[in-house]
Amino acid sequence: MNPAQNSAETDVSDEILPRLVRLWDAWRNKEADTHNDVLAHDYRAVHPDGTLHIGKPTLQTMTAEPIAGYELACLSATSLGADSALVTYVAKIDLPGGNSGQVQLAVGEVWMKQQGQWMCRYYQGTLMK
């Protein structure tokens, strides 16, 4: 990797990370509007159970899949061009109440710059053993 490419990927990471944290905080707090403000209009997701979700999640979805806390690790953002990036990371998720415990997901996301803002276009989380 050349220094210019490394610098571009650092810039992408620095711009996307606060928005990624905003997504996870909003899901934990069940704030659908805040969460969805960071998603592209044509957002799609494949959840760890293998289900495909087309469109932005609702409060009902967040309530059905609650999290008590989270930690993001191993974040990598690779520029795919001026307005797109592949973001990968590990999400360690604390489950609430009767489901208490922790799960880890390997996450891959596609982020697109739309109207000057990085927006998550695609999410896939895979349960790690």
# chains A, B, ... in the order shown; residues from 1 in each chain; ligands from 1

call {"tool": "residues_around", "arguments": {"residues": "His35 (chain A)", "least_positions_apart": "5", "cutoff": "7 Å", "atoms": "only C-alpha atoms", "output": "list of chain:residue names"}}
result
A:Arg22, A:Leu23, A:Ala26, A:Trp27

call {"tool": "write_last_selection", "arguments": {"atoms": "N, CA, C and O atoms", "output": "PDB file, in the first residue's frame"}}
result
ATOM      1  N   ARG A  22     -22.583   6.341  16.069  1.00  0.00           N
ATOM      2  CA  ARG A  22     -23.942   6.897  16.154  1.00  0.00           C
ATOM      3  C   ARG A  22     -24.986   5.826  15.833  1.00  0.00           C
ATOM      4  O   ARG A  22     -26.024   5.734  16.507  1.00  0.00           O
ATOM      5  N   LEU A  23     -24.716   5.006  14.807  1.00  0.00           N
ATOM      6  CA  LEU A  23     -25.630   3.907  14.459  1.00  0.00           C
ATOM      7  C   LEU A  23     -25.823   2.954  15.632  1.00  0.00           C
ATOM      8  O   LEU A  23     -26.952   2.612  15.992  1.00  0.00           O
ATOM      9  N   ALA A  26     -27.587   4.502  18.667  1.00  0.00           N
ATOM     10  CA  ALA A  26     -29.018   4.674  18.402  1.00  0.00           C
ATOM     11  C   ALA A  26     -29.752   3.340  18.480  1.00  0.00           C
ATOM     12  O   ALA A  26     -30.878   3.277  18.995  1.00  0.00           O
ATOM     13  N   TRP A  27     -29.129   2.251  17.995  1.00  0.00           N
ATOM     14  CA  TRP A  27     -29.791   0.937  18.095  1.00  0.00           C
ATOM     15  C   TRP A  27     -29.938   0.544  19.565  1.00  0.00           C
ATOM     16  O   TRP A  27     -31.012   0.124  20.002  1.00  0.00           O
TER      17      TRP A  27
END

call {"tool": "residues_around", "arguments": {"residues": "region 110-115 of chain A", "least_positions_apart": "4", "cutoff": "9 Å", "atoms": "only C-alpha atoms", "output": "ChimeraX atom specification"}}
result
/A:16,39-40,82-88,119-123

call {"tool": "write_last_selection", "arguments": {"atoms": "N, CA, C and O atoms", "output": "PDB file, in the first residue's frame"}}
result
ATOM      1  N   ILE A  16     -15.974   8.041   8.901  1.00  0.00           N
ATOM      2  CA  ILE A  16     -17.041   7.061   9.084  1.00  0.00           C
ATOM      3  C   ILE A  16     -17.203   6.643  10.544  1.00  0.00           C
ATOM      4  O   ILE A  16     -18.326   6.427  11.009  1.00  0.00           O
ATOM      5  N   LEU A  39     -28.381   6.011   7.441  1.00  0.00           N
ATOM      6  CA  LEU A  39     -28.562   4.964   6.434  1.00  0.00           C
ATOM      7  C   LEU A  39     -28.969   5.565   5.087  1.00  0.00           C
ATOM      8  O   LEU A  39     -29.755   6.509   5.036  1.00  0.00           O
ATOM      9  N   ALA A  40     -28.454   4.968   4.020  1.00  0.00           N
ATOM     10  CA  ALA A  40     -28.826   5.385   2.678  1.00  0.00           C
ATOM     11  C   ALA A  40     -30.307   5.085   2.435  1.00  0.00           C
ATOM     12  O   ALA A  40     -30.883   4.192   3.066  1.00  0.00           O
ATOM     13  N   ALA A  82     -13.831   7.476  -4.768  1.00  0.00           N
ATOM     14  CA  ALA A  82     -14.022   8.761  -4.096  1.00  0.00           C
ATOM     15  C   ALA A  82     -15.226   8.775  -3.168  1.00  0.00           C
ATOM     16  O   ALA A  82     -15.214   9.461  -2.150  1.00  0.00           O
ATOM     17  N   ASP A  83     -16.252   8.016  -3.503  1.00  0.00           N
ATOM     18  CA  ASP A  83     -17.502   8.105  -2.756  1.00  0.00           C
ATOM     19  C   ASP A  83     -17.998   6.778  -2.216  1.00  0.00           C
ATOM     20  O   ASP A  83     -19.204   6.613  -1.964  1.00  0.00           O
ATOM     21  N   SER A  84     -17.111   5.805  -2.016  1.00  0.00           N
ATOM     22  CA  SER A  84     -17.548   4.522  -1.471  1.00  0.00           C
ATOM     23  C   SER A  84     -16.428   3.875  -0.672  1.00  0.00           C
ATOM     24  O   SER A  84     -15.244   4.121  -0.928  1.00  0.00           O
ATOM     25  N   ALA A  85     -16.820   3.065   0.304  1.00  0.00           N
ATOM     26  CA  ALA A  85     -15.840   2.400   1.161  1.00  0.00           C
ATOM     27  C   ALA A  85     -16.419   1.083   1.674  1.00  0.00           C
ATOM     28  O   ALA A  85     -17.629   0.952   1.869  1.00  0.00           O
ATOM     29  N   LEU A  86     -15.521   0.142   1.868  1.00  0.00           N
ATOM     30  CA  LEU A  86     -15.860  -1.122   2.518  1.00  0.00           C
ATOM     31  C   LEU A  86     -15.366  -1.022   3.946  1.00  0.00           C
ATOM     32  O   LEU A  86     -14.184  -0.741   4.186  1.00  0.00           O
ATOM     33  N   VAL A  87     -16.254  -1.226   4.894  1.00  0.00           N
ATOM     34  CA  VAL A  87     -15.916  -1.134   6.307  1.00  0.00           C
ATOM     35  C   VAL A  87     -16.126  -2.504   6.936  1.00  0.00           C
ATOM     36  O   VAL A  87     -17.184  -3.117   6.754  1.00  0.00           O
ATOM     37  N   THR A  88     -15.113  -2.985   7.633  1.00  0.00           N
ATOM     38  CA  THR A  88     -15.229  -4.260   8.337  1.00  0.00           C
ATOM     39  C   THR A  88     -14.813  -4.052   9.784  1.00  0.00           C
ATOM     40  O   THR A  88     -13.968  -3.203  10.086  1.00  0.00           O
ATOM     41  N   MET A 119     -22.957   7.520   4.282  1.00  0.00           N
ATOM     42  CA  MET A 119     -24.177   6.814   4.657  1.00  0.00           C
ATOM     43  C   MET A 119     -23.936   5.313   4.495  1.00  0.00           C
ATOM     44  O   MET A 119     -23.315   4.879   3.521  1.00  0.00           O
ATOM     45  N   CYS A 120     -24.448   4.528   5.429  1.00  0.00           N
ATOM     46  CA  CYS A 120     -24.336   3.080   5.328  1.00  0.00           C
ATOM     47  C   CYS A 120     -25.372   2.592   4.324  1.00  0.00           C
ATOM     48  O   CYS A 120     -26.562   2.844   4.471  1.00  0.00           O
ATOM     49  N   ARG A 121     -24.909   1.879   3.309  1.00  0.00           N
ATOM     50  CA  ARG A 121     -25.786   1.391   2.233  1.00  0.00           C
ATOM     51  C   ARG A 121     -26.149  -0.081   2.422  1.00  0.00           C
ATOM     52  O   ARG A 121     -27.227  -0.515   2.073  1.00  0.00           O
ATOM     53  N   TYR A 122     -25.194  -0.851   2.983  1.00  0.00           N
ATOM     54  CA  TYR A 122     -25.386  -2.296   3.108  1.00  0.00           C
ATOM     55  C   TYR A 122     -24.692  -2.804   4.357  1.00  0.00           C
ATOM     56  O   TYR A 122     -23.570  -2.380   4.647  1.00  0.00           O
ATOM     57  N   TYR A 123     -25.339  -3.686   5.077  1.00  0.00           N
ATOM     58  CA  TYR A 123     -24.798  -4.266   6.314  1.00  0.00           C
ATOM     59  C   TYR A 123     -24.953  -5.775   6.243  1.00  0.00           C
ATOM     60  O   TYR A 123     -25.998  -6.283   5.824  1.00  0.00           O
TER      61      TYR A 123
END

call {"tool": "select_by_dssp", "arguments": {"residues": "chain A", "states": "helix (DSSP H, G or I)", "output": "MDAnalysis selection string"}}
result
chainID A and resid 3:28 32:36 59:64 97:99

call {"tool": "select_by_dssp", "arguments": {"residues": "chain A", "states": "strand (DSSP E)", "output": "ChimeraX atom specification"}}
result
/A:39-46,52-54,69-81,84-95,101-114,117-127

call {"tool": "closest_residue", "arguments": {"among": "A:Gly55, A:Lys30, A:Gln124, A:Trp24", "to": "Ile93 (chain A)", "atoms": "only C-alpha atoms"}}
result
A:Trp24

call {"tool": "atom_distance", "arguments": {"atom1": "CA of Ile54 (chain A)", "atom2": "CA of Asp11 (chain A)"}}
result
29.4 Å

call {"tool": "closest_residue", "arguments": {"among": "A:Val103, A:Leu95, A:Tyr89, A:Ala77", "to": "Asp14 (chain A)", "atoms": "only C-alpha atoms"}}
result
A:Ala77

call {"tool": "atom_distance", "arguments": {"atom1": "CA of Gln102 (chain A)", "atom2": "CA of Thr51 (chain A)"}}
result
20.6 Å

call {"tool": "residues_around", "arguments": {"residues": "Leu72 (chain A)", "least_positions_apart": "2", "cutoff": "12 Å", "atoms": "only C-alpha atoms", "output": "number ranges by chain"}}
result
A: 17-18, 20-21, 23-25, 69-70, 74-76, 87-94, 104-107

call {"tool": "closest_residue", "arguments": {"among": "A:Arg28, A:Arg19, A:Lys129, A:Arg44", "to": "Lys56 (chain A)", "atoms": "only C-alpha atoms"}}
result
A:Arg44
